[in-house]
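Here's the structure we're looking at; comments come further down.
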Amino acid sequence: MISIKQLPLEAKAAVAAGVIFFSMMLSRSYLAEQLELKTRHWLLRLQMALFANSLMLIGSLHVWRSTVTMFYRSSAASSFCFMPWKIAVLMFLALAHSSFFTLLFLVAEEPYFFSLAASTCLGAYIILIFFLFALGSVEQAYKFLAGRGAKAGSSNKNSRTAVKPVLAVMLTVIGLLNASQPPTVNSVEIPVFKLPSTMNNLKVVLLSDIHLGPTVGKTKLAMIVQMVKALKPDITVIVGDLTDSEAEIIQPAVEPLGELNSPLGTYFVTGNHEYYTSDVGNWFELLKSFNIQPLHNENVKIVSPKSPDDWFCLAGVDDIEADVLRYSGHGMDLKKALRGCSSEHAIVLLAHQPVAAKWALHERPDINLILSGHTHGGQMFPLNAGAYFLNPFFVGLYKVGQNTFVYVSPGTMYFGIPMRLGSRAEITEIILRSP
């Protein structure tokens with residue numbers, strides 16, 4: 001029988017990941033009733049960080065062997081630059097691994113430089129891993145098809161290896177520059193069945209996935225608020241993932257939200273990350289102090305400024321992650337959210353995840369418009385493909401059936417990694433049209 005000591009490092013990392021995953025399952029079941037909500041969720045976030053680091057260790061070993069170990073037998077190992085290169089690779093990997101812990105220990109009004117550096121390294125790490133495995137697979141396939149006679153010299157092999165980090169650095173710089181730009185304002189006209197004619201051209205500004213936390217702070221939120229005010233919306237809606245931290249810790253960064261002054265109101269629904277903070281109740285109170293109304297499985301009548309008899313129903317549901325986390329008093333409850341909303345009037349639903357939008361339409365096909373977020377448009381290459389296949393609606397406007405539309409925001413900021421590759425942050429200006 002093989003002992004743990006005899007296993008290669010990659011196998012040991014996989015075993016560690018399995019043990020941590022098992023402990024996460026125990027925490028969700030056996031310990032769920034024995035720990036306070038805040039303690040349980042903090043423990044879960046710590047376990048998730050350790051689990052991610054265990055899996056990353058497998059990739060980090062591959063990165064080290066591909067960018068350092070392979071040069072030991074070449075002339076490069078005796079050069080003056082080799083030792084600084086080893087130190088640089090080691091620091092890069094250490095920063096990438098530490099990024100998961102910034103969410104627990106380094107959150108303030110403005111991002112710490114360490115958090116930005118660590119999260120940037122994590123983004124570069126993901127890109128580098130992709131190139132190492134993808135291009136490595138292409139090289140192996142070429143060798144197999146070309147036969148043994150296609151062996152290249154060590155210098156050519158070193159050159160091919162060097163290309164991968166260079167590509168990763170180039171894409172990282174592009175991603176950083178893209179994410180550093182203000183969100184683009186995307187104006188979309190959407191016909192809403194049964195919308196009163198007096199409410200034609202009503203303007204709704206959609207915000208999603210701002211992710212106040214280790215890498216997004218007060219300055220960026222203030223910029224977003226100023227851009228929204230310049231659009232002069234009738235209604236502003238925030239469809240979840242506003243934050244990654246507890247309300248008390250990051251309260252100073254939230255203050256710009258108090259400047260939102262849409263005449264027909266500003267509304268908020270939870271995303272999965274609000275529940276990861278285990279502080280939803282305090283967030284609701286904080287948002288209310290800024291005159292932002294949380295729609296906690298509830299609805300409001302949006303009355304036309306021109307006619308008090310004309311209105312539509314604006315409803316919001318809790319994020320489906322609340323059910324997974326067993327968050328007391330929370331969870332998607334569409335019946336409760338739409339109580340009093342009949343098909344005689346237009347219905348607009350706020351639901352953070354596109355999966356929730358799909359479920360809502362299955363239960364209530366008379367919903368006319370659903371506004372969602374969550375996907376970030378994939379945020380960055382190569383994660384875009386995964387986000388596309390995991391969500392029934394990916395990004396942009398979808399027509400479902402005869403009289404229903406779903407709009408998925410690509411996010412107003414970014415989560416953690418301050419990069420955008422293959423996607424663009426967006427503030428969505430939605431013009432509601434009366435058919």
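In the structure tokens, each chain is lettered A, B, ... as it comes, each chain's residues begin at 1, and ligands are numbered from 1 in order of appearance.
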
What's around segment 263-268 of chain A at 9 Å? Count only C-alpha atoms, leave out sequence neighbours fewer than 5 positions away in its own chain, and write the answer as a ChimeraX atom specification. /A:233-240,284,287,291-296,302-305,316,350

Which neighbours of Thr102 of chain A fall inside 9 Å, counting only C-alpha atoms, when residues of the same chain fewer than 2 positions from it are skipped, and could you give them as a PyMOL selection string? chain A and resi 98-100+104-107+114-115+118-119+214

One residue among A:Val163, A:Leu383, A:Leu50, A:Met25 is nearest to Ile126 of chain A when using only C-alpha atoms, and that residue is A:Leu383

- Query: Excluding same-chain residues fewer than 6 positions from Ala385 of chain A, what lies within 12 Å of it counting only C-alpha atoms, as JSON, numbers by chain?
  - Reply: {"A": [375, 376, 377, 378, 379, 391, 394, 421, 422, 423]}

Sel. of alpha helix (DSSP H) residues, segment 255-307 of chain A, as number ranges by chain: A: 272-276, 280-289

Can you write out the residues you just picked, keeping C-alpha atoms, as an mmCIF file, in the first residue's frame?
data_model
loop_
_atom_site.group_PDB
_atom_site.id
_atom_site.type_symbol
_atom_site.label_atom_id
_atom_site.label_comp_id
_atom_site.auth_asym_id
_atom_site.auth_seq_id
_atom_site.Cartn_x
_atom_site.Cartn_y
_atom_site.Cartn_z
ATOM 1 C CA ASN A 272 -24.540 35.336 -4.070
ATOM 2 C CA HIS A 273 -21.656 37.409 -2.679
ATOM 3 C CA GLU A 274 -23.911 39.272 -0.251
ATOM 4 C CA TYR A 275 -24.627 35.932 1.380
ATOM 5 C CA TYR A 276 -20.933 35.066 1.500
ATOM 6 C CA VAL A 280 -27.144 40.767 4.701
ATOM 7 C CA GLY A 281 -29.286 42.267 7.466
ATOM 8 C CA ASN A 282 -26.760 45.007 8.192
ATOM 9 C CA TRP A 283 -26.361 45.666 4.477
ATOM 10 C CA PHE A 284 -30.121 46.132 4.140
ATOM 11 C CA GLU A 285 -30.106 48.679 6.964
ATOM 12 C CA LEU A 286 -27.107 50.509 5.511
ATOM 13 C CA LEU A 287 -28.696 50.724 2.067
ATOM 14 C CA LYS A 288 -31.970 51.967 3.542
ATOM 15 C CA SER A 289 -30.034 54.771 5.232
#

Just asking: which residues within segment 342-428 of chain A are strand (DSSP E) according to DSSP, as a compact mmCIF listing (two decimals) with C-alpha atoms, in the first residue's frame?
# COMPACT_ATOMS: atom_id res chain seq x y z
CA ILE A 347 -44.02 42.90 -14.53
CA VAL A 348 -40.29 43.63 -14.26
CA LEU A 349 -38.24 41.24 -12.10
CA LEU A 350 -34.79 41.75 -10.59
CA LEU A 369 -38.67 41.73 -18.33
CA ILE A 370 -35.98 40.23 -16.09
CA LEU A 371 -32.79 42.10 -15.24
CA SER A 372 -29.82 40.00 -14.11
CA GLY A 396 -26.86 41.14 -23.25
CA LEU A 397 -30.49 41.05 -24.38
CA TYR A 398 -32.48 37.84 -24.95
CA LYS A 399 -36.03 37.46 -26.20
CA VAL A 400 -37.87 34.57 -24.55
CA THR A 404 -40.61 38.46 -22.48
CA PHE A 405 -37.06 39.79 -22.47
CA VAL A 406 -34.08 38.99 -20.28
CA TYR A 407 -31.15 41.37 -19.98
CA VAL A 408 -27.90 40.18 -18.38
CA GLU A 426 -20.90 48.30 -18.25
CA ILE A 427 -23.49 50.69 -16.90
CA THR A 428 -26.69 49.82 -18.71
